[in-house]
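Enquirer: I am sharing work27.cif, which consists of mmCIF, C-alpha atoms:
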data_input
#
loop_
_atom_site.label_atom_id
_atom_site.label_comp_id
_atom_site.auth_asym_id
_atom_site.auth_seq_id
_atom_site.Cartn_x
_atom_site.Cartn_y
_atom_site.Cartn_z
CA MET A 1 3.12 -1.25 0.46
CA SER A 2 0.96 -4.15 -0.37
CA ALA A 3 -1.07 -5.30 1.05
CA ASN A 4 -3.27 -5.51 -2.18
CA ASN A 5 -6.34 -3.66 -3.36
CA THR A 6 -8.78 -5.52 -5.59
CA LEU A 7 -10.64 -3.08 -7.82
CA SER A 8 -14.15 -3.72 -9.00
CA LEU A 9 -15.54 -1.74 -11.91
CA SER A 10 -19.13 -0.58 -11.82
CA SER A 11 -21.84 -2.75 -13.31
CA SER A 12 -21.82 -0.62 -16.43
CA ASP A 13 -18.26 -1.78 -17.16
CA GLU A 14 -19.03 -5.49 -17.38
CA ASN A 15 -16.54 -6.10 -20.19
CA THR A 16 -13.63 -4.42 -18.45
CA PRO A 17 -11.30 -6.69 -16.46
CA ARG A 18 -10.84 -6.05 -12.78
CA THR A 19 -7.73 -6.15 -10.70
CA PHE A 20 -6.09 -4.32 -7.79
CA GLN A 21 -3.68 -1.66 -6.64
CA THR A 22 -0.67 -3.11 -4.82
CA VAL A 23 0.18 -1.93 -1.33
CA PHE A 24 3.36 -3.04 0.43
CA ARG A 25 3.34 -4.07 4.06
CA VAL A 26 5.86 -1.70 5.61
CA SER A 27 6.86 -1.70 9.26
CA LEU A 28 7.60 1.70 10.73
CA PRO A 29 9.89 1.17 13.72
CA GLY A 30 11.44 4.61 13.38
CA GLN A 31 8.25 6.57 14.01
CA LYS A 32 7.59 8.04 17.41
CA GLN A 33 4.61 6.67 19.28
CA ASN A 34 1.45 8.48 18.34
CA ALA A 35 -0.21 10.32 21.19
CA PHE A 36 -3.57 8.86 20.32
CA HIS A 37 -2.48 5.19 20.34
CA SER A 38 -3.17 2.83 23.17
CA ARG A 39 -0.41 0.26 23.68
CA ARG A 40 -0.27 -2.91 25.68
CA ALA A 41 2.52 -3.41 28.18
CA HIS A 42 5.48 -5.10 26.53
CA LYS A 43 9.08 -6.07 26.89
CA LYS A 44 11.44 -4.38 24.47
CA SER A 45 13.66 -6.48 22.26
CA ARG A 46 16.69 -4.38 21.49
CA ALA A 47 18.44 -6.89 19.25
CA GLY A 48 15.31 -8.47 17.78
CA CYS A 49 13.94 -8.28 14.29
CA LEU A 50 12.35 -5.07 13.01
CA THR A 51 8.93 -6.72 12.66
CA CYS A 52 8.79 -7.62 16.36
CA LYS A 53 10.11 -4.17 17.32
CA LYS A 54 7.34 -2.54 15.34
CA ARG A 55 4.70 -4.71 17.04
CA ARG A 56 6.31 -4.07 20.47
CA VAL A 57 6.60 -7.77 21.26
CA LYS A 58 9.52 -9.85 22.50
CA CYS A 59 11.63 -11.44 19.77
CA ASP A 60 13.55 -14.69 20.26
CA GLU A 61 16.19 -13.23 17.91
CA GLU A 62 16.54 -16.42 15.91
CA LYS A 63 18.09 -15.94 12.47
CA PRO A 64 17.50 -15.77 9.61
CA LYS A 65 13.82 -15.71 10.74
CA CYS A 66 12.48 -15.46 14.30
CA GLN A 67 9.82 -17.88 15.53
CA ARG A 68 7.05 -15.25 15.76
CA CYS A 69 7.49 -14.32 12.11
CA LYS A 70 7.69 -17.98 11.12
CA ASN A 71 4.42 -18.75 12.91
CA ARG A 72 2.62 -15.85 11.21
CA GLY A 73 4.19 -16.34 7.81
CA ILE A 74 5.27 -12.71 7.65
CA GLU A 75 8.49 -10.89 6.72
CA CYS A 76 11.35 -11.02 9.21
CA CYS A 77 14.20 -8.56 8.77
CA TYR A 78 16.93 -7.42 11.17
CA SER A 79 18.37 -3.90 11.20
CA SER A 80 21.83 -5.42 11.28
CA ASP A 81 21.03 -7.06 7.96
CA LEU A 82 20.51 -3.65 6.41
CA GLU A 83 23.16 -1.46 7.97
CA SER A 84 25.81 -3.27 10.01
CA THR A 85 27.05 -5.98 7.68
CA SER A 86 30.46 -6.04 6.09
CA ASN A 87 30.86 -5.53 2.38
CA ASP A 88 31.20 -9.25 1.74
CA GLU A 89 28.17 -10.10 3.88
CA ARG A 90 26.15 -7.38 2.23
CA LYS A 91 26.96 -8.72 -1.22
CA GLY A 92 25.66 -12.08 -0.11
CA MET A 93 22.55 -10.61 1.51
CA PHE A 94 21.60 -8.85 -1.68
CA SER A 95 22.36 -11.82 -3.91
CA PRO A 96 20.02 -11.89 -6.94
CA THR A 97 17.00 -14.18 -6.99
CA THR A 98 16.49 -16.80 -9.67
CA ILE A 99 15.24 -14.35 -12.28
CA ILE A 100 18.43 -12.25 -12.14
CA SER A 101 20.91 -14.89 -10.99
CA SER A 102 22.83 -14.54 -14.24
CA PHE A 103 23.65 -10.90 -13.44
CA ALA A 104 26.70 -9.91 -11.46
CA MET A 105 26.31 -6.81 -9.32
CA GLU A 106 28.39 -4.84 -11.80
CA ASN A 107 26.20 -5.98 -14.66
CA ILE A 108 23.08 -4.93 -12.78
CA THR A 109 24.56 -1.49 -12.26
CA LYS A 110 25.38 -1.14 -15.95
CA SER A 111 21.94 -2.42 -16.94
CA ILE A 112 20.20 0.14 -14.70
CA GLN A 113 22.33 2.93 -16.14
CA THR A 114 21.59 1.76 -19.69
CA THR A 115 17.85 1.49 -19.02
CA LEU A 116 17.73 5.03 -17.67
CA SER A 117 20.19 6.47 -20.22
CA LEU A 118 22.39 7.81 -17.44
CA ASP A 119 25.59 9.74 -17.83
CA GLN A 120 28.13 7.78 -15.80
CA ASP A 121 30.30 10.88 -15.45
CA GLN A 122 27.69 12.50 -13.19
CA ASP A 123 29.24 11.37 -9.92
CA TRP A 124 26.64 13.23 -7.89
CA SER A 125 23.83 11.02 -9.16
CA PRO A 126 22.28 8.41 -6.79
CA PHE A 127 22.71 5.95 -9.63
CA VAL A 128 26.49 6.03 -9.38
CA LEU A 129 26.91 7.30 -5.80
CA LEU A 130 28.31 4.47 -3.65
CA ASP A 131 26.41 3.21 -0.64
CA ASN A 132 28.30 3.80 2.65
CA ASN A 133 28.49 0.08 3.46
CA SER A 134 29.04 -1.25 -0.03
CA ASP A 135 31.19 -0.93 -3.10
CA HIS A 136 28.07 -0.64 -5.23
CA PRO A 137 25.86 2.35 -6.13
CA ILE A 138 22.78 3.07 -4.05
CA SER A 139 20.65 2.38 -7.13
CA THR A 140 21.99 -1.18 -7.31
CA ILE A 141 21.42 -1.75 -3.60
CA ALA A 142 17.88 -0.40 -3.96
CA PHE A 143 17.16 -2.68 -6.91
CA GLN A 144 18.40 -5.73 -5.01
CA HIS A 145 16.38 -4.70 -1.94
CA PHE A 146 13.24 -4.56 -4.05
CA VAL A 147 13.77 -8.07 -5.40
CA ARG A 148 14.84 -9.60 -2.11
CA CYS A 149 12.75 -7.74 0.48
CA SER A 150 10.03 -5.49 -0.96
CA THR A 151 8.41 -8.15 -3.12
CA ASP A 152 8.41 -10.52 -0.16
CA THR A 153 5.79 -8.30 1.49
CA ILE A 154 3.17 -8.88 -1.23
CA ALA A 155 0.45 -11.06 0.28
CA VAL A 156 -0.92 -12.55 -2.95
CA PRO A 157 1.45 -15.27 -4.28
CA ALA A 158 0.40 -14.87 -7.93
CA ILE A 159 1.20 -11.14 -7.87
CA ARG A 160 4.39 -11.62 -5.91
CA ASP A 161 5.68 -14.16 -8.42
CA VAL A 162 5.10 -11.83 -11.38
CA MET A 163 6.84 -8.96 -9.59
CA ARG A 164 9.91 -11.09 -8.98
CA THR A 165 10.15 -12.43 -12.50
CA ASP A 166 8.39 -10.97 -15.53
CA MET A 167 8.08 -7.47 -14.09
CA ILE A 168 11.83 -7.33 -13.47
CA ARG A 169 12.46 -8.24 -17.09
CA VAL A 170 10.11 -5.47 -18.21
CA ALA A 171 11.86 -2.98 -15.92
CA PHE A 172 15.06 -3.29 -17.92
CA THR A 173 13.17 -2.00 -20.96
CA SER A 174 11.20 0.81 -19.28
CA ASP A 175 12.66 3.87 -17.58
CA HIS A 176 9.49 4.83 -15.67
CA LEU A 177 9.09 1.33 -14.24
CA MET A 178 12.76 1.14 -13.26
CA TYR A 179 12.59 4.54 -11.55
CA THR A 180 9.45 3.44 -9.69
CA ILE A 181 11.01 0.18 -8.53
CA LEU A 182 14.01 2.06 -7.16
CA ALA A 183 11.71 4.57 -5.42
CA VAL A 184 9.57 1.86 -3.83
CA ALA A 185 12.67 0.01 -2.67
CA MET A 186 14.12 3.10 -1.00
CA LEU A 187 10.78 3.88 0.65
CA HIS A 188 10.62 0.35 2.04
CA TYR A 189 14.26 0.51 3.14
CA ASN A 190 13.84 3.94 4.77
CA ARG A 191 10.69 3.00 6.70
CA TYR A 192 12.57 0.10 8.26
CA SER A 193 15.72 2.07 8.93
CA PRO A 194 15.22 5.86 8.64
CA ASN A 195 18.17 7.78 7.22
CA LYS A 196 18.22 11.41 6.09
CA GLY A 197 20.60 10.80 3.22
CA ARG A 198 18.57 7.90 1.86
CA SER A 199 15.40 9.96 2.21
CA LEU A 200 16.86 12.47 -0.24
CA VAL A 201 17.65 9.63 -2.62
CA GLU A 202 14.11 8.32 -2.23
CA SER A 203 12.71 11.75 -3.15
CA TYR A 204 15.01 11.90 -6.17
CA PHE A 205 13.77 8.52 -7.40
CA TRP A 206 10.10 9.43 -6.88
CA GLN A 207 10.44 12.73 -8.74
CA ALA A 208 12.14 11.01 -11.67
CA ALA A 209 9.54 8.21 -11.64
CA ILE A 210 6.59 10.60 -11.73
CA GLU A 211 8.05 12.74 -14.50
CA SER A 212 8.90 9.72 -16.64
CA TYR A 213 5.52 8.07 -15.98
CA GLN A 214 3.61 11.22 -16.96
CA LYS A 215 5.41 11.25 -20.30
CA ALA A 216 4.62 7.58 -20.85
CA LEU A 217 0.92 8.16 -20.14
CA SER A 218 0.75 10.72 -22.94
CA SER A 219 1.27 7.98 -25.52
CA GLN A 220 -1.28 5.42 -26.66
CA ILE A 221 -1.45 2.10 -24.82
CA ARG A 222 -0.06 -0.66 -27.01
CA PRO A 223 0.89 -4.32 -26.50
CA GLU A 224 4.55 -3.34 -26.18
CA ASN A 225 4.02 -0.81 -23.34
CA VAL A 226 1.00 -2.20 -21.48
CA ASN A 227 3.08 -4.31 -19.06
CA ALA A 228 5.24 -1.37 -17.99
CA LEU A 229 2.30 1.01 -17.59
CA LEU A 230 0.27 -1.43 -15.51
CA SER A 231 3.25 -2.36 -13.35
CA THR A 232 4.17 1.27 -12.68
CA CYS A 233 0.60 2.21 -11.81
CA MET A 234 0.33 -0.66 -9.35
CA LEU A 235 3.48 0.48 -7.54
CA MET A 236 2.78 4.23 -7.56
CA GLY A 237 0.16 4.00 -4.80
CA VAL A 238 2.83 3.08 -2.26
CA MET A 239 4.18 6.63 -2.25
CA THR A 240 1.00 8.19 -0.86
CA ILE A 241 -0.08 5.37 1.43
CA CYS A 242 3.19 5.29 3.40
CA PRO A 243 4.21 8.92 4.07
CA GLU A 244 6.76 9.87 6.70
CA LYS A 245 5.70 11.52 9.96
CA PHE A 246 2.00 11.79 9.12
CA GLU A 247 -0.19 13.21 11.90
CA PRO A 248 -4.01 13.47 12.25
CA THR A 249 -3.75 17.23 11.78
CA ASP A 250 -2.32 16.62 8.29
CA SER A 251 -5.55 14.96 7.12
CA TRP A 252 -7.80 16.63 4.58
CA VAL A 253 -10.62 16.33 7.13
CA LEU A 254 -8.96 18.74 9.56
CA THR A 255 -7.00 20.94 7.18
CA ASN A 256 -9.89 21.72 4.83
CA ARG A 257 -7.56 21.02 1.89
CA PRO A 258 -9.41 18.67 -0.51
CA GLU A 259 -6.19 17.91 -2.39
CA ALA A 260 -4.85 16.25 0.78
CA MET A 261 -7.25 13.40 0.01
CA ASN A 262 -5.57 12.62 -3.32
CA TRP A 263 -3.83 9.63 -1.73
CA LEU A 264 -7.18 7.84 -1.58
CA ALA A 265 -8.31 8.81 -5.07
CA LEU A 266 -5.02 7.54 -6.50
CA GLN A 267 -5.75 4.03 -5.25
CA SER A 268 -8.40 3.77 -7.95
CA GLY A 269 -6.14 5.08 -10.69
CA LEU A 270 -5.64 1.66 -12.20
CA LYS A 271 -9.24 1.52 -13.40
CA THR A 272 -8.67 3.97 -16.24
CA ILE A 273 -5.60 2.15 -17.51
CA LEU A 274 -7.38 -1.20 -17.25
CA LYS A 275 -10.22 0.02 -19.44
CA LEU A 276 -7.81 1.24 -22.10
CA ALA A 277 -5.60 -1.84 -21.81
CA SER A 278 -8.40 -4.41 -21.76
CA PRO A 279 -7.70 -5.69 -25.34
CA TYR A 280 -4.16 -6.65 -24.29
CA LEU A 281 -4.64 -7.91 -20.73
CA SER A 282 -5.09 -11.57 -21.58
CA THR A 283 -1.63 -11.71 -23.15
CA SER A 284 0.10 -9.42 -20.63
CA ILE A 285 2.37 -10.61 -17.85
CA TRP A 286 -0.47 -9.86 -15.42
CA GLY A 287 -3.26 -11.73 -17.22
CA ASP A 288 -3.24 -15.00 -15.25
CA ALA A 289 -2.49 -13.30 -11.92
CA PHE A 290 -5.37 -10.86 -12.35
CA LYS A 291 -7.77 -13.71 -13.12
CA GLU A 292 -6.75 -15.53 -9.96
CA VAL A 293 -7.24 -12.42 -7.83
CA ASP A 294 -10.64 -11.74 -9.41
CA LYS A 295 -11.88 -15.26 -8.65
CA THR A 296 -11.10 -14.86 -4.96
CA GLY A 297 -12.53 -11.33 -4.84
CA ASP A 298 -15.77 -12.40 -6.50
CA LYS A 299 -16.42 -14.86 -3.67
CA ILE A 300 -16.08 -12.12 -1.04
CA PHE A 301 -17.50 -9.05 -2.76
CA LYS A 302 -20.92 -10.30 -3.72
CA GLN A 303 -22.91 -7.27 -4.83
CA GLU A 304 -26.44 -7.36 -3.44
CA ALA A 305 -29.18 -6.33 -5.88
CA LYS A 306 -30.97 -4.09 -3.40
CA GLY A 307 -32.24 -3.69 0.14
CA ARG A 308 -30.91 -3.71 3.70
CA GLU A 309 -30.36 -7.43 4.21
CA GLY A 310 -26.92 -8.13 5.65
CA LEU A 311 -26.23 -4.46 6.44
CA ASP A 312 -25.70 -2.94 9.87
CA SER A 313 -29.06 -1.36 10.68
CA ASP A 314 -27.56 1.76 12.30
CA LEU A 315 -25.26 2.42 9.34
CA ALA A 316 -28.09 1.72 6.89
CA ASP A 317 -30.33 4.21 8.71
CA LEU A 318 -27.63 6.89 8.68
CA CYS A 319 -27.15 6.40 4.93
CA GLY A 320 -30.89 6.43 4.15
CA ILE A 321 -30.88 2.86 2.83
CA ASP A 322 -34.25 1.13 2.65
CA ASP A 323 -35.59 -2.06 1.05
CA GLU A 324 -35.60 -0.44 -2.40
CA SER A 325 -32.10 1.03 -2.26
CA THR A 326 -29.52 -0.01 -4.86
CA GLU A 327 -26.11 1.24 -5.96
CA ARG A 328 -27.87 3.21 -8.71
CA ASN A 329 -30.17 5.23 -6.44
CA ASN A 330 -28.01 5.50 -3.28
CA VAL A 331 -24.36 6.54 -3.43
CA TYR A 332 -23.61 4.90 -0.07
CA TYR A 333 -25.04 1.54 -1.01
CA ALA A 334 -22.10 -0.20 -2.73
CA PRO A 335 -19.42 0.96 -0.22
CA LEU A 336 -21.62 -0.11 2.69
CA VAL A 337 -22.28 -3.52 1.13
CA TYR A 338 -18.53 -4.06 0.62
CA LEU A 339 -17.78 -2.88 4.16
CA SER A 340 -20.43 -5.17 5.66
CA GLN A 341 -18.94 -8.18 3.89
CA LEU A 342 -15.43 -7.33 5.08
CA MET A 343 -16.53 -6.86 8.69
CA LYS A 344 -17.75 -10.48 8.75
CA LEU A 345 -14.41 -11.99 7.70
CA GLU A 346 -12.14 -13.80 10.12
CA HIS A 347 -9.10 -11.77 11.08
CA ASN A 348 -6.14 -13.41 9.33
CA GLY A 349 -3.48 -12.63 6.74
CA PRO A 350 -5.33 -13.54 3.52
CA ASN A 351 -8.51 -11.77 4.61
CA ALA A 352 -6.52 -8.71 5.67
CA ALA A 353 -5.28 -8.41 2.08
CA HIS A 354 -8.86 -8.51 0.81
CA CYS A 355 -9.92 -5.87 3.35
CA ALA A 356 -7.22 -3.57 1.98
CA SER A 357 -8.96 -3.77 -1.41
CA PHE A 358 -11.75 -1.49 -0.17
CA MET A 359 -9.78 1.61 -1.22
CA GLY A 360 -9.70 0.58 -4.84
CA ARG A 361 -13.44 -0.10 -4.99
CA LEU A 362 -14.57 3.43 -4.18
CA GLU A 363 -16.20 5.24 -7.10
CA CYS A 364 -15.83 8.91 -7.99
CA ASP A 365 -19.22 9.99 -6.61
CA PHE A 366 -18.42 8.55 -3.19
CA LEU A 367 -14.94 10.11 -3.25
CA ALA A 368 -16.57 13.46 -4.01
CA LEU A 369 -18.65 13.13 -0.83
CA LEU A 370 -15.52 12.40 1.18
CA ARG A 371 -13.83 15.52 -0.19
CA ARG A 372 -16.82 17.54 1.03
CA ARG A 373 -16.52 15.81 4.43
CA ASP A 374 -19.99 14.33 4.19
CA PRO A 375 -20.67 12.70 7.62
CA PRO A 376 -22.20 9.37 6.44
CA ALA A 377 -19.40 8.90 3.90
CA LEU A 378 -16.79 9.70 6.57
CA ILE A 379 -18.37 7.16 8.95
CA ILE A 380 -18.18 4.42 6.32
CA LEU A 381 -14.53 5.22 5.63
CA ALA A 382 -13.74 5.42 9.36
CA TYR A 383 -15.28 1.96 9.89
CA TRP A 384 -13.01 0.53 7.19
CA MET A 385 -9.99 2.31 8.67
CA GLY A 386 -10.88 0.98 12.12
CA LEU A 387 -11.06 -2.52 10.66
CA MET A 388 -7.60 -2.09 9.10
CA CYS A 389 -6.26 -0.97 12.49
CA LEU A 390 -7.43 -4.29 13.93
CA LEU A 391 -5.63 -6.07 11.09
CA SER A 392 -2.33 -4.19 11.48
CA GLU A 393 -0.59 -7.40 12.53
CA TRP A 394 -0.85 -8.52 8.91
CA GLN A 395 -1.00 -5.10 7.26
CA PRO A 396 1.51 -2.89 9.19
CA TRP A 397 1.56 -0.31 6.37
CA ILE A 398 -1.62 1.16 7.89
CA GLU A 399 0.56 2.79 10.57
CA GLY A 400 1.94 5.10 7.87
CA ARG A 401 -1.33 6.94 7.34
CA ILE A 402 -4.55 5.00 7.90
CA ARG A 403 -4.59 4.98 11.72
CA ASN A 404 -4.09 8.73 11.96
CA GLU A 405 -6.60 9.40 9.16
CA CYS A 406 -9.12 7.43 11.23
CA VAL A 407 -8.26 9.51 14.30
CA ALA A 408 -8.73 12.68 12.25
CA ILE A 409 -12.24 11.62 11.20
CA CYS A 410 -13.11 10.90 14.85
CA MET A 411 -11.80 14.32 15.87
CA PHE A 412 -13.85 15.98 13.14
CA LEU A 413 -17.12 14.16 13.86
CA GLU A 414 -17.02 14.02 17.66
CA TYR A 415 -18.68 17.46 17.81
CA SER A 416 -21.61 16.37 15.66
CA THR A 417 -25.10 17.07 16.98
CA ASP A 418 -26.38 13.86 15.38
CA SER A 419 -26.64 11.21 18.10
CA ARG A 420 -26.46 8.44 15.47
CA ILE A 421 -23.01 9.60 14.38
CA LEU A 422 -21.76 9.88 17.95
CA LEU A 423 -22.87 6.31 18.62
CA LEU A 424 -21.28 4.97 15.45
CA LEU A 425 -17.97 6.70 16.21
CA ARG A 426 -17.29 4.31 19.09
CA PHE A 427 -15.92 1.52 16.91
CA PRO A 428 -13.42 3.52 14.82
CA ALA A 429 -12.33 5.52 17.90
CA ALA A 430 -11.62 2.35 19.89
CA ALA A 431 -9.95 0.56 16.96
CA SER A 432 -7.64 3.48 16.16
CA GLY A 433 -6.81 4.18 19.81
CA TYR A 434 -8.38 7.64 19.97
CA LYS A 435 -8.85 7.77 23.74
CA SER A 436 -10.29 11.29 23.89
CA TYR A 437 -13.61 10.11 22.53
CA LEU A 438 -13.97 6.92 24.58
#
Any chance you could give the structure as structure tokens?
Expert:
Amino acid sequence: MSANNTLSLSSSDENTPRTFQTVFRVSLPGQKQNAFHSRRAHKKSRAGCLTCKKRRVKCDEEKPKCQRCKNRGIECCYSSDLESTSNDERKGMFSPTTIISSFAMENITKSIQTTLSLDQDQDWSPFVLLDNNSDHPISTIAFQHFVRCSTDTIAVPAIRDVMRTDMIRVAFTSDHLMYTILAVAMLHYNRYSPNKGRSLVESYFWQAAIESYQKALSSQIRPENVNALLSTCMLMGVMTICPEKFEPTDSWVLTNRPEAMNWLALQSGLKTILKLASPYLSTSIWGDAFKEVDKTGDKIFKQEAKGREGLDSDLADLCGIDDESTERNNVYYAPLVYLSQLMKLEHNGPNAAHCASFMGRLECDFLALLRRRDPPALIILAYWMGLMCLLSEWQPWIEGRIRNECVAICMFLEYSTDSRILLLLRFPAAASGYKSYL
């Protein structure tokens, strides 16, 4: 997914650069309607774009981009573009962007195989298996989809530009980054147009990406591998944030399986690599882009020194925050300050991307409280999830997991004997569409 998560290191890490975990905006038209969602009446558009179908709004069916998507500046993609085109049309649709314009499709295929040291005689491999609607391997189609479609969903221009250019160059020198790009592309493709066969290919790519990345992490970070490691880490979070067929009952809150919350902890995984890579960041492909993101984030995430000023009084009371509270003496303080600042932002595309950054700002001590299902910590997280539900127009990836995670928290806390919690549950319940509590 995007969507993009801006990480902020604790005050004790003043010399460590900050950046974000990337999350792609992924529409999920293939999912069945969740029983807990409230939907407005709408007219179905059977031939419209996938974005309008996901939002359940009428599409004017203009091509290559419908008017609704033009007005909102968001991705517009038709299912016919992905599955019903002829071979010649498909070749044109997946034409390389400027950075890879010098590559013919055959050369891209060979380059992918060379990068991954593949045996071309293995005709069962997804890397040489032909796509049903093309004369090219699925791996090549996936790579082109990433460049053409997946990167188009990144909300921050500086990050999007690096992904389309320098990161692609690095991918042809790094097996774990190439595997991850192919996996992300298939995930994005499959969420738009679910297909059992492609889902198996997606799983294959993810397994290979994880295994290769784990090996790469065992070596020391150096100038020659820092770009690939950072790029792979930024893309890895997409796997857990956009699962298939996720239900509230799958949440760690209701299953009592702490490991089911790993998806959230992984969003902060970039911090460790950033600390180790800090000597090389200024000269990396991400240096300038990270600086630009940090400047914008610093204007929004202004860390208060102490006290309750600017905080919701009911949330502050629940979290035991008084006039002397700081992030050093109250574990809830920093997350609540960040949340309060996000709740005040106007609902639009750029601000929605900043709101998504909340995940990457959570520290280990707060995550530990969430694993133990601590009520105040769950309320803070549910408020952020409810906010993301309201911003789903610009961040549709939240439908993959976040909405149902919010519903799960409401289901878990609705039996609380604390009247303060029951009162505070109203916002996340309404935002996520959990009617049973309202």
Enquirer: Written as a PyMOL selection string, which residues does the PyMOL selection byres ((chain A and resi 204-207) around 12) give for the file shown?
Expert: chain A and resi 116+124-127+138-139+142-143+175-187+197-203+208-214+232+235-240
Enquirer: Could you make a table, as JSON lines, of the residues of region 246-340 of chain A that have an atom within 8 Å of an atom of region 350-368 of chain A, each with its nearest atom pair and distance in Å to one decimal, counting all atoms listed in the file, in chain and number order?
Expert:
{"residue": "A:Leu264", "atom": "CA", "partner": "A:Met359", "partner_atom": "CA", "distance": 6.8}
{"residue": "A:Ala265", "atom": "CA", "partner": "A:Leu367", "partner_atom": "CA", "distance": 7.0}
{"residue": "A:Gln267", "atom": "CA", "partner": "A:Gly360", "partner_atom": "CA", "distance": 5.3}
{"residue": "A:Ser268", "atom": "CA", "partner": "A:Gly360", "partner_atom": "CA", "distance": 4.6}
{"residue": "A:Gly297", "atom": "CA", "partner": "A:His354", "partner_atom": "CA", "distance": 7.3}
{"residue": "A:Val331", "atom": "CA", "partner": "A:Phe366", "partner_atom": "CA", "distance": 6.3}
{"residue": "A:Tyr332", "atom": "CA", "partner": "A:Phe366", "partner_atom": "CA", "distance": 7.1}
{"residue": "A:Pro335", "atom": "CA", "partner": "A:Leu362", "partner_atom": "CA", "distance": 6.7}
{"residue": "A:Tyr338", "atom": "CA", "partner": "A:Phe358", "partner_atom": "CA", "distance": 7.3}
{"residue": "A:Leu339", "atom": "CA", "partner": "A:Phe358", "partner_atom": "CA", "distance": 7.6}
Enquirer: Could you list, as an NGL selection string, every residue within 12 Å of Tyr437 (chain A), counting all atoms listed in the file and ignoring same-chain residues fewer than 6 positions away?
Expert: :A and (36 or 407-415 or 422-431)
Enquirer: What is the CA of Val147 (chain A)-CA of Ser282 (chain A) distance in Å, reported with one decimal?
Expert: 25.1 Å
Enquirer: Tell me, in Å to one decimal, how far CA of Trp252 (chain A) is from CA of Tyr189 (chain A).
Expert: 27.4 Å
Enquirer: For a test of reading the model, state the distance in Å between CA of Glu324 (chain A) and CA of Gly307 (chain A), rounded to one decimal.
Expert: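 Computed distance, CA of Glu324 (chain A) to CA of Gly307 (chain A), equals 5.3 Å.
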Enquirer: Which one is closest to Lys291 (chain A): A:Gly386, A:His136, A:Ala158, A:Ala316? Count all atoms listed in the file.
Expert: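 Result for the nearest residue to Lys291 (chain A): A:Ala158.
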Enquirer: Which polymer residues have any atom within 9 Å of an atom of Glu247 (chain A), counting only C-alpha atoms, with same-chain residues fewer than 3 positions away left out, as a list in words?
Expert: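 These residues fall inside the cut-off: Asn34, Asp250, Ser251, Arg401, Asn404, Glu405 and Ala408 of chain A.
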Enquirer: Nearest to Cys389 (chain A): which of A:Ser432, A:Ser219, A:Asn225, A:Thr249 is it, counting all atoms listed in the file?
Expert: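 Counting all atoms listed in the file, the residue closest to Cys389 (chain A) is A:Ser432.
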Enquirer: For Arg371 (chain A), which residue among A:Trp397, A:Trp263, A:Tyr192, A:Phe146 is the nearest when counting all atoms listed in the file?
Expert: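 Among the listed residues, the smallest separation from Arg371 (chain A) belongs to A:Trp263.
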